[in-house]
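Asks: Before I ask anything, let me first share the structure, which is written out below as structure tokens.
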Amino acid sequence: MPQVNSPIPLAIPPGRSRPFGSVAWSGGVPRRVDAGDSPKISAKGVIAYVRDGQIWIAPLDGGEKPKQLIVRGQNHSEEWSPEGSQLVFVSTRGDHGFIGLYDVDAKTVRFLAPSVDTDSDAVWSLDGKRIAFVRRPAEPRDTPTGYFSSAR
């Protein structure tokens, strides 16, 4: 008999948001928090995740409505600081990208050394005092408007 590839019924195709939730260690009813991709939990019990190219934040217990970080571009690759007070992420803007830093208490976003280069792969130091990231320098393009394009 020929082998038939059957789809996994619970698999969600790539590009679609996946639902996620939480349940207390002591047990109880699971609570749906939201749907998105790559949820990351902070040391303070806050979930950061990506939905439709934007970063959203919600409490782990699902008690409050999720809030979107309002940042231009396609935002992704979010990582919490070790103590959970800041969130670093990548904000892609077409031919360049920035490393963004969200402060949970101040509710502010700032960019680390913004430029026309393409920044990615941000990681926290173990003590949470520094961030390392990869920068691909832009090169001038041979166009009348002088736009920049990332080096290959």
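Chain identifiers are assigned as A, B, and so on, following the order in which chains appear in the structure tokens; residues are numbered from 1 within each chain, and ligands are numbered from 1 in order of appearance.
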Quick one: everything within 7 Å of Leu87 in chain A, counting only C-alpha atoms, minus sequence neighbours fewer than 6 positions away in the same chain. Send it as a list in words.
Replies: Glu78, Glu79, Trp80, Ser81, Leu101, Tyr102 and Asp103 of chain A
Asks: Would you export the selected residues with C-alpha atoms as a PDB file, in the first residue's frame, please?
Replies:
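Contents of the output file out.pdb:
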ATOM      1  CA  GLU A  78      12.288  40.215  21.235  1.00  0.00           C
ATOM      2  CA  GLU A  79      14.371  39.267  24.310  1.00  0.00           C
ATOM      3  CA  TRP A  80      13.773  40.243  27.942  1.00  0.00           C
ATOM      4  CA  SER A  81      16.562  41.604  30.128  1.00  0.00           C
ATOM      5  CA  LEU A 101      14.842  48.946  23.685  1.00  0.00           C
ATOM      6  CA  TYR A 102      11.515  49.120  25.518  1.00  0.00           C
ATOM      7  CA  ASP A 103      11.505  50.202  29.184  1.00  0.00           C
TER       8      ASP A 103
END
Asks: Return the single residue from A:Val33, A:Phe111, A:Lys65, A:Ser77 that is closest to Val50 in chain A, with distances computed using only C-alpha atoms.
Replies: A:Ser77
Asks: DSSP on the backbone: which residues in range 27-147 of chain A end up as strand (DSSP E or B)? Give the answer as a PyMOL selection string.
Replies: chain A and resi 31-41+46-51+54-59+67-68+74-80+86-92+97-103+108-112+118-124+131-136+138-140
Asks: Please, what distance in Å, to one decimal, runs between CA of Val46 in chain A and CA of Pro114 in chain A?
Replies: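 It comes out at 26.9 Å.
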Asks: One decimal, in Å: what's the spacing between CA of Arg110 in chain A and CA of Asp37 in chain A?
Replies: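 For CA of Arg110 in chain A relative to CA of Asp37 in chain A, the distance reads 23.0 Å.
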Asks: Counting only C-alpha atoms, which residue out of A:Ser120, A:Gln74, A:Ser85, A:Ser22 sits closest to Gly62 in chain A?
Replies: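 Once distances to Gly62 in chain A are computed over only C-alpha atoms, the minimum belongs to A:Ser22.
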Asks: Could you tell me how far CA of Val123 in chain A lies from CA of Asp105 in chain A, in Å and to one decimal?
Replies: 20.5 Å
Asks: Can you work out which one of A:Trp25, A:Pro82, A:Ile57, A:Gly73 has the shortest atom-to-atom distance to Gly100 in chain A, counting only C-alpha atoms?
Replies: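 Going through A:Trp25, A:Pro82, A:Ile57, A:Gly73 one by one, the smallest distance to Gly100 in chain A is for A:Gly73.
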